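Contents: one structure, followed by commentary.
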Amino acid sequence: MKESNLFTMLSAYRPGSPATPFENYCTSGLAYFLHGGHHMLSALFAGAARADGEALAIVEVQPQVAGAGIADLVLTFEGGRRAIVEVQVEANADESALPALESAGGGALTEEPVYLLLGLDSQASGPWTAITWLQVVEALEDDPDPVAKQYAEFVLRDILGLGPVPLDQAITTNRLYALGAAAIRRRFGERARYVNSASRPLSGRYRYLGTTFSLDGGDMQYWIGLVNETVPLSEHYHLMLASKEAPVRQPAEHPRATGDWKWAHWTGVGRVVRPITAEAYDELLARLPA
């Protein structure tokens, strides 16, 4: 990778990539530190790629892999070993592109590469070896580079959903989505499937934004997140939980901002006046039927 300017890297995006802009942003930030030779981070990926002790020679972001489309990262170590890296920032991510990468890897590269899957889960299937975002944080936490420390905090807050989220950050960053996803994973584990969901913003304000989720393979019948207090939209939001069919404990009135929803059951913890916490999410999720 010839380009090592962090801001140029963060602004780059290859059309046709299966990665979302946020996923690409996370990947480009990671590539910047790998390219910069941050020792513990490079050692983490070298160990997973069975290239222990080797430095990284080339870091490629969103390269074309012949016959398989675009990979998130391809790493080449000094000894010649290459690794195709799939980057995921959500649980249950779309993995439909992985078989093509696997089948093209050996033919597109001079020798069979290793396959690394960076995500939330410590387990990976098939030829893929898992690396977790938490391991990335641990590799960077003692790095003297202040920008590396900021990236580690970004991973903790914006990907892993750890730490309270002030309202202004909730409506302008990925942190609310990450917080909600983490709370759902923590309470329901593999029972849950979820997607981010938000209304179209109007003058920087939302009718709602949060996480829609299902349990035990069912339909998406639950939602948790922020709902605007009034219509016309105001600067005030309430943290609420909705259930399409099943009753909830401590029910509340259907909020006006979601008046077009045909969801019967709502509950909330009131207007958001302080940073939103995992405990507040846990309190709401506990109101669902067992």
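Following the order of the structure tokens, chains are lettered A, B, ..., residues in each are numbered from 1, and ligands are numbered from 1.
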
**Message:** Env of A:Gly180: 8 Å cut, atoms = only C-alpha atoms, seq-sep filter 6 positions within chain, self excluded. Answer as a list in words.
**Reply:**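 The filter keeps Gly161, Gly210, Thr211, Ile224, Gly225, Ala278 and Tyr281 of chain A.
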
**Prompt:** Do you know which residues are at most 8 Å from stretch 42-56 of chain A counting only C-alpha atoms, after dropping those on the same chain fewer than 6 positions away, and could you put them as a list in words?
**Reply:**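 In the requested form, the answer reads Leu34, His35, Leu75, Thr76, Phe77, Glu78, Gly79, Arg81, Arg82, Ala83, Val114, Tyr115, Leu116, Thr129, Ala130, Ile131, Gln135, Val136 and Ala139 of chain A.
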
Please write the residues from the selection above to a file, keeping N, CA, C and O atoms, as a compact mmCIF listing (two decimals), in the first residue's frame.
# COMPACT_ATOMS: atom_id res chain seq x y z
N LEU A 34 -1.60 -1.11 10.56
CA LEU A 34 -0.82 -2.25 10.08
C LEU A 34 0.32 -1.77 9.17
O LEU A 34 1.46 -2.24 9.29
N HIS A 35 0.02 -0.83 8.30
CA HIS A 35 1.04 -0.29 7.40
C HIS A 35 2.11 0.45 8.19
O HIS A 35 3.29 0.46 7.79
N LEU A 75 -2.99 -9.02 3.01
CA LEU A 75 -1.72 -8.75 3.69
C LEU A 75 -0.65 -9.67 3.12
O LEU A 75 -0.88 -10.87 2.93
N THR A 76 0.52 -9.12 2.85
CA THR A 76 1.66 -9.92 2.40
C THR A 76 2.79 -9.75 3.40
O THR A 76 3.19 -8.61 3.70
N PHE A 77 3.29 -10.85 3.92
CA PHE A 77 4.36 -10.82 4.91
C PHE A 77 5.72 -10.98 4.22
O PHE A 77 5.80 -11.40 3.06
N GLU A 78 6.78 -10.62 4.94
CA GLU A 78 8.11 -10.60 4.34
C GLU A 78 8.52 -11.96 3.79
O GLU A 78 9.25 -12.04 2.81
N GLY A 79 8.07 -13.04 4.41
CA GLY A 79 8.42 -14.37 3.94
C GLY A 79 7.62 -14.81 2.73
O GLY A 79 7.85 -15.91 2.21
N ARG A 81 4.20 -15.16 2.61
CA ARG A 81 2.84 -15.62 2.90
C ARG A 81 1.85 -14.47 2.75
O ARG A 81 2.13 -13.34 3.14
N ARG A 82 0.69 -14.81 2.19
CA ARG A 82 -0.35 -13.80 1.98
C ARG A 82 -1.61 -14.21 2.73
O ARG A 82 -1.89 -15.40 2.90
N ALA A 83 -2.33 -13.22 3.19
CA ALA A 83 -3.57 -13.45 3.94
C ALA A 83 -4.68 -12.60 3.35
O ALA A 83 -4.51 -11.39 3.16
N VAL A 114 -3.71 -17.73 3.37
CA VAL A 114 -4.49 -18.04 4.57
C VAL A 114 -5.67 -17.08 4.60
O VAL A 114 -5.64 -16.00 3.99
N TYR A 115 -6.72 -17.47 5.31
CA TYR A 115 -7.96 -16.70 5.33
C TYR A 115 -8.24 -16.28 6.77
O TYR A 115 -8.39 -17.13 7.66
N LEU A 116 -8.32 -14.98 6.99
CA LEU A 116 -8.54 -14.42 8.32
C LEU A 116 -9.88 -13.69 8.34
O LEU A 116 -10.18 -12.92 7.43
N THR A 129 -9.70 -18.33 9.87
CA THR A 129 -9.22 -18.21 11.24
C THR A 129 -9.73 -16.90 11.82
O THR A 129 -9.58 -15.84 11.20
N ALA A 130 -10.33 -16.97 13.00
CA ALA A 130 -10.96 -15.79 13.59
C ALA A 130 -9.95 -14.91 14.33
O ALA A 130 -9.07 -15.41 15.03
N ILE A 131 -10.10 -13.61 14.15
CA ILE A 131 -9.47 -12.59 14.98
C ILE A 131 -10.60 -11.69 15.45
O ILE A 131 -11.49 -11.35 14.66
N GLN A 135 -9.34 -8.35 20.41
CA GLN A 135 -7.90 -8.61 20.30
C GLN A 135 -7.17 -7.43 19.67
O GLN A 135 -6.04 -7.11 20.04
N VAL A 136 -7.81 -6.76 18.71
CA VAL A 136 -7.22 -5.56 18.12
C VAL A 136 -7.04 -4.48 19.18
O VAL A 136 -6.00 -3.83 19.27
N ALA A 139 -4.18 -5.33 21.42
CA ALA A 139 -2.89 -5.15 20.76
C ALA A 139 -2.47 -3.68 20.71
O ALA A 139 -1.28 -3.37 20.64

**Asked** atom CA of A:Ala286 and atom CA of A:Trp263 are how many Å apart?
**Response**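 One can read the atom CA of A:Ala286 to atom CA of A:Trp263 distance as 18.5 Å.
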
**Message:** With DSSP run on the backbone, what are the strand (DSSP E) residues within stretch 138-270 of chain A? I'd like them as a PyMOL selection string.
**Reply:** chain A and resi 192-198+208-215+222-228+237-243+265-270

**Prompt:** Contacts of A:Asp282 at 12 Å or less, counting only C-alpha atoms, minus same-chain residues fewer than 6 places along, as a PyMOL selection string?
**Reply:** chain A and resi 179-188+224-225+239-241+268-269+276+288

Selection to disk with C-alpha atoms, as a short mmCIF file (atom, residue, chain, number, x, y, z; two decimals), in the first residue's frame:
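The resulting out.cif:
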data_model
loop_
_atom_site.label_atom_id
_atom_site.label_comp_id
_atom_site.auth_asym_id
_atom_site.auth_seq_id
_atom_site.Cartn_x
_atom_site.Cartn_y
_atom_site.Cartn_z
CA LEU A 179 -24.66 -0.19 22.10
CA GLY A 180 -28.02 -1.69 21.14
CA ALA A 181 -26.47 -4.60 19.27
CA ALA A 182 -24.18 -5.39 22.20
CA ALA A 183 -27.10 -5.33 24.65
CA ILE A 184 -29.14 -7.68 22.45
CA ARG A 185 -26.20 -10.09 22.02
CA ARG A 186 -25.51 -10.02 25.75
CA ARG A 187 -29.09 -10.82 26.74
CA PHE A 188 -30.16 -13.23 23.99
CA ILE A 224 -35.31 -0.75 20.77
CA GLY A 225 -33.84 2.73 20.49
CA LEU A 239 -35.44 5.57 24.97
CA MET A 240 -38.13 2.98 24.19
CA LEU A 241 -38.81 -0.65 23.39
CA GLY A 268 -39.86 3.29 27.84
CA VAL A 269 -37.58 4.80 30.46
CA ILE A 276 -27.47 6.27 27.38
CA LEU A 288 -40.07 -8.51 27.11
#

**Request:** If you run DSSP over the backbone, which residues in stretch 134-268 of chain A end up helix (DSSP H, G or I)? Put them as a PyMOL selection string.
**Result:** chain A and resi 134-140+146-159+167-170+175-191+256-258

**From A:Phe22, A:Trp128, A:Phe213, A:Tyr151, residue lying nearest A:Leu6 [only C-alpha atoms]** =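 Distance minimum relative to A:Leu6 lands on A:Tyr151.
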
**Message:** Quick one: residues within 12 Å of A:Leu10, only C-alpha atoms, excluding same-chain residues fewer than 5 positions away - as a list of chain:residue names?
**Reply:**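 Near A:Leu10, the qualifying residues are A:Glu3, A:Ser4, A:Asn5, A:Pro21, A:Phe22, A:Glu23, A:Asn24, A:Tyr25, A:Cys26, A:Thr27, A:Ser28, A:Gly29, A:Leu30, A:Ala31, A:Tyr32, A:Val61.
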
**Item:** For A:Ile70: contacts at 8 Å, only C-alpha atoms, fewer than 2 positions along chain excluded, given as a list in words
**Value:**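 That gives Gly16, Ser17, Pro18, Gln62, Pro63, Gln64, Val65, Ala68 and Asp72 of chain A.
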
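Rounded to one decimal, atom CA of A:Tyr208 and atom CA of A:Glu283 lie 19.3 Å from each other.
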
**Asked** What is the distance between atom CA of A:Glu90 and atom CA of A:Leu167, in Å to one decimal?
**Response**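 Going from atom CA of A:Glu90 over to atom CA of A:Leu167, I get 21.9 Å.
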
**Request:** Using only C-alpha atoms, determine which residues lie at most 9 Å from A:Leu233, disregarding the query and same-chain residues fewer than 5 positions distant; provide the list as a VMD selection string.
**Result:** chain A and resid 202 205 to 207 228 257

**Asked** Of the residues A:Thr277, A:Ala100, A:Glu95, A:Ala246, which is the one nearest to A:Gly119, using only C-alpha atoms?
**Response** A:Glu95
